[in-house]
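Shown next, in structure tokens, is the structure this report addresses.
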Amino acid sequence: MPEYGSDTILIPLSPSASYFLHRRNIPQKSLLSYGGGEDIYHTGLDNFRRLENLSQVLDPELRKLHGIPSLEPARYSLFQLKILLDVLYTSIAIIQRIIHEEQPDAISIPVKRIPENETRRYAFSNEESVYSTILSMEGWKVPVTFLERETTPAPNSPSAAGYHHPGEPMHRWIHSRDSLVNAGILLKRRNMFSGSTAYVRGLFRASGGPVLIHGSGYNWDDALADLYREGWRPIHRMTGEMAGAPPPSSPFTQTVRDILDTHPRLQELKQFLSIDTSRFLSERISTIISDAAVESVESYRSTRSMIAEKGIRALLTSVRDRAAGHAAVQAARDEGIPVISWQHGGSGYAFHPMMPCIECINTDLHLAFGTNAEEKYREAMEWLGWKDRPPVVAVGSSSLDWMRARLSGTRQRGNDGPVLYVTTLYLHNIFQISQPFHPIGRDERLWEFQRKVIDLAGQFPEREFIIKLHPTHRSREPIGSYILDSGRTNVRCITHESSLEDLLPRSSLILFDLVSTGILQAMLTAKPIFLYSGLYRLDQSALALLQKRVIVSHDPGDFIGNVTGYLEGRARTGPPPEYSQEFIRAYGLYEADGMSARRAVSLLARMVHDSPGSSLLEAVSDK
């Protein structure tokens, strides 16, 4: 590490860098010092408008090249482009705040070199040095020195390009055979008898016809037994994965770049807070959208071909963060078959306009987990200004129904089980601003909280603590090093070795730092739940319901105090159990009757079989 003078301010840009300095007793200043204010959040919301404007300019021009009137590859790129603008603009704002507050004579920053293709299909890579890229742009009034260093790619990048499971060839072979995939899901989710019975019963019903599940099935996977039972067969699948990246000579790339450089409506993308972003955004946006255009055309044509060849009656979708999924939906619409999307995970706790953008663009009907979530989808679509907004209907979650039934038949550990801490992932270079939160210093805030939980475990050496990391956090750093350095022998980390559904029955109490699908799953048990809510803001209505089931603390110290009191036996275990269903019914289980899949399949039948002139709203009014 280079030598610095006493007046040097060191600002770590990641939890790992922060812990590196901490272990060596080197003074540092956190990014949290430069956070606060609503301007970053509003910039993130403004980026929705910027990207809608980008789509309105680019998609008509791209249409002249790909020749498919209904395709909108620029609009389909929203998820990646939103990350691109949000990370770029937020990072510029952070540097501007640092310069304004510290008035430095110069800035030095390490540079990480990565292969160019590492970012081809993504807005950013977590191996990328975003701050050094930004500081190399024109417009900074402070001299910048770039420190070259060799790096080894970390194993926890979310980019799919860097990780290959040893069983991947077999995995791909199995997933290319729809009947094997469906049989495997039925056996896992049900059992041999239940799954077989559902399939056989469907053989004696009038066939609803073939349906196509596109992408990750999520709740549609847990509705397979009901689909078969009601005669929907065969059930086909498309993964949505496009093989390889388009070549650099894609005919769309130069067209997009030329429009970005010259079109008067896109000049706002050339500068942000006096920093020249034109060259960087021109290159990165043209790459993302040209990829999306090639991917859209391939997905659109293959989907239309399958629909015609297999006689598909409906397309069933969940989440789609890439262009292939959106293009498949448009193909189904152009073939005249209905598209039903289903919420893929916990949502609706706060205003979050990104959720409909990755779940229900152009669908005919969107299924939500609960009535409160249903209302939030409508609110977000109205704010986005969509003219063609699909009806949203609360039906519940077949996945939560399945897990609820499974947990009820599983032996539950008592108060002697481990303490389970379910933590979220570091954002690094991969975040988008949609729901209310401050990205500045968010990772550092999470890392500080994680350390407090590990220190808490040290106060109870006789209790086992399990930290359930996000599956992409394969390096386990810096948490793993902190546990080792602090000598906490009663703490262990788990990534993908065990799922949350496996860990819940074994645990005595459950700790969270994020309201997500996991907390809905934990509410299916009768175990005490503690939540640190300082990373994101919830609507007051959601918070009020949550507090009827969960001990919620916005301050880390209060959280640790509450958990400590419980473990020492001098605090209540949680709110009265009679209130435990209100939050999960509003945001997850709907009627809490285990009938989510049946309601979804019933709506599918209404949409496929009703006469063409019948109103869709009438078709979904009787669930």
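Naming scheme: A, B, ... for chains in displayed order of the structure tokens; residues 1 onward per chain; ligands 1 onward as shown.
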12 Å contact set for region 93-103 of chain A, only C-alpha atoms, chain neighbours under 4 positions out, as an MDAnalysis selection string: chainID A and resid 7:11 13 29:37 39:41 43:44 85:89 107 109 130:132 134:135 139:144 272:275 438:441
All residues 10 Å or closer to region 476-479 of chain A, only C-alpha atoms, same chain fewer than 5 positions away omitted, as a PyMOL selection string: chain A and resi 14-20+154-156+447+450-451+454+467+469-471+484-485+492-495
Region 407-414 of chain A surroundings by only C-alpha atoms, 6 Å radius, close-in-sequence under 6 positions cut, as a ChimeraX atom specification: /A:505-506,508
Just the residues within 10 Å of Gly217 (chain A), please, counting only C-alpha atoms, with nothing from its chain fewer than 6 positions along; format it as a ChimeraX atom specification. /A:223-224,237-239,316-319,342,344
For CA of Ala522 (chain A) and CA of Leu500 (chain A), the interatomic separation in Å (one decimal):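 So the answer is 8.5 Å.
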Of the residues A:Pro210, A:Ala292, A:Thr262, A:Val329, which is the one nearest to Gly311 (chain A), using only C-alpha atoms?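 Among A:Pro210, A:Ala292, A:Thr262, A:Val329, it is A:Pro210 that comes nearest to Gly311 (chain A).
When only C-alpha atoms are used to measure the gap to His42 (chain A), the shortest distance among A:Val601, A:Val392, A:Ile433, A:Val419 belongs to A:Ile433.
Here CA of Leu45 (chain A) is placed at a distance of 24.9 Å from CA of Ala327 (chain A).
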What's the separation between CA of Tyr349 (chain A) and CA of Ala373 (chain A), in Å to one decimal place?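 It comes out at 7.2 Å.
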Could you give me, as an mmCIF file with C-alpha atoms, in the first residue's frame, the residues within 10 Å of region 74-84 of chain A, counting only C-alpha atoms and dropping anything in the same chain fewer than 6 positions from it?
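Wrote it out as part24.cif, contents follow:
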```cif
data_model
loop_
_atom_site.group_PDB
_atom_site.id
_atom_site.type_symbol
_atom_site.label_atom_id
_atom_site.label_comp_id
_atom_site.auth_asym_id
_atom_site.auth_seq_id
_atom_site.Cartn_x
_atom_site.Cartn_y
_atom_site.Cartn_z
ATOM 1 C CA GLY A 44 -33.094 7.986 -9.918
ATOM 2 C CA LEU A 45 -36.778 8.649 -10.558
ATOM 3 C CA ASN A 47 -33.891 8.480 -15.005
ATOM 4 C CA PHE A 48 -37.150 6.670 -15.788
ATOM 5 C CA ARG A 50 -34.723 9.930 -19.505
ATOM 6 C CA LEU A 51 -34.929 6.292 -20.545
ATOM 7 C CA GLU A 52 -38.507 6.605 -21.800
ATOM 8 C CA ASN A 53 -37.308 9.495 -23.948
ATOM 9 C CA LEU A 54 -34.401 7.346 -25.161
ATOM 10 C CA SER A 55 -36.800 4.576 -26.180
ATOM 11 C CA GLN A 56 -39.100 6.981 -28.009
ATOM 12 C CA VAL A 57 -36.143 8.199 -30.078
ATOM 13 C CA LEU A 58 -34.315 4.930 -30.717
ATOM 14 C CA ASP A 59 -37.014 2.291 -31.204
ATOM 15 C CA PRO A 60 -38.521 3.843 -34.377
ATOM 16 C CA LEU A 62 -34.122 0.469 -34.888
ATOM 17 C CA ARG A 121 -24.171 -7.725 -21.626
ATOM 18 C CA TYR A 122 -24.437 -5.784 -18.380
ATOM 19 C CA ALA A 123 -24.536 -2.133 -17.379
ATOM 20 C CA PHE A 124 -21.567 -2.610 -15.076
ATOM 21 C CA VAL A 256 -27.487 3.671 -31.918
ATOM 22 C CA LEU A 281 -22.626 6.631 -22.306
ATOM 23 C CA ARG A 284 -22.079 1.649 -23.166
ATOM 24 C CA ILE A 285 -25.667 2.419 -24.222
ATOM 25 C CA SER A 286 -25.015 1.453 -27.837
ATOM 26 C CA ILE A 288 -26.477 -2.679 -24.359
ATOM 27 C CA ILE A 289 -29.174 -1.728 -26.848
ATOM 28 C CA SER A 290 -27.545 -3.404 -29.846
ATOM 29 C CA ASP A 291 -27.304 -6.587 -27.769
ATOM 30 C CA ALA A 292 -30.965 -6.181 -26.876
ATOM 31 C CA ALA A 293 -31.955 -5.688 -30.515
ATOM 32 C CA SER A 296 -35.145 -9.405 -29.245
ATOM 33 C CA ARG A 320 -37.844 -10.650 -17.160
ATOM 34 C CA ASP A 321 -34.871 -8.370 -16.769
ATOM 35 C CA ARG A 322 -33.539 -8.938 -20.290
ATOM 36 C CA ALA A 323 -34.874 -8.174 -23.741
ATOM 37 C CA ALA A 324 -35.582 -11.820 -24.636
ATOM 38 C CA GLY A 325 -38.467 -12.050 -22.162
ATOM 39 C CA HIS A 326 -40.110 -8.832 -23.317
ATOM 40 C CA ALA A 327 -39.758 -9.861 -26.961
ATOM 41 C CA MET A 354 -39.168 -0.904 -11.498
ATOM 42 C CA MET A 355 -41.276 -3.925 -10.499
ATOM 43 C CA CYS A 357 -41.142 -2.817 -15.725
ATOM 44 C CA ILE A 358 -39.573 -6.243 -15.207
ATOM 45 C CA ILE A 361 -44.874 -4.773 -19.664
ATOM 46 C CA ASN A 429 -21.710 -1.455 -8.910
ATOM 47 C CA ILE A 430 -25.088 -3.115 -9.444
ATOM 48 C CA PHE A 431 -28.042 -1.097 -8.198
ATOM 49 C CA GLN A 432 -30.978 0.867 -9.502
ATOM 50 C CA ILE A 433 -32.912 3.569 -7.694
ATOM 51 C CA SER A 434 -36.613 2.806 -7.724
#
```
Residues of region 253-331 of chain A classed as helix (DSSP H, G or I) by DSSP on the backbone are to be reported as a ChimeraX atom specification. /A:253-262,264-270,278-310,323-331
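Here the strand (DSSP E) residues in region 328-510 of chain A, by DSSP on the backbone, are Val339, Ile340, Ser341, Trp342, Leu365, His366, Leu367, Ala368, Val392, Val393, Ala394, Val419, Leu420, Tyr421, Val422, Phe465, Ile466, Ile467, Lys468, Val491, Arg492, Cys493, Ile494, Leu509 and Ile510 of chain A.
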Surrounding residues of His236 (chain A) excluding itself and chain neighbours under 4 positions, 9 Å, only C-alpha atoms, as a ChimeraX atom specification: /A:177-179,182,210-214,310,312
Let me make sure I understand: among A:Glu72, A:Glu462, A:Glu148, A:Glu127, which one has the smallest atom-to-atom distance to Ser108 (chain A) if we use only C-alpha atoms?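 Once distances to Ser108 (chain A) are computed over only C-alpha atoms, the minimum belongs to A:Glu148.
When only C-alpha atoms are used to measure the gap to Glu379 (chain A), the shortest distance among A:Gly348, A:Leu71, A:Thr363, A:Gly396 belongs to A:Gly348.
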Please determine, counting only C-alpha atoms, which residue among A:Ser398, A:Thr564, A:Ser475, A:Gln540 has the shortest atom-to-atom distance to Leu227 (chain A).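 For Leu227 (chain A), the nearest of the candidates is A:Ser398.
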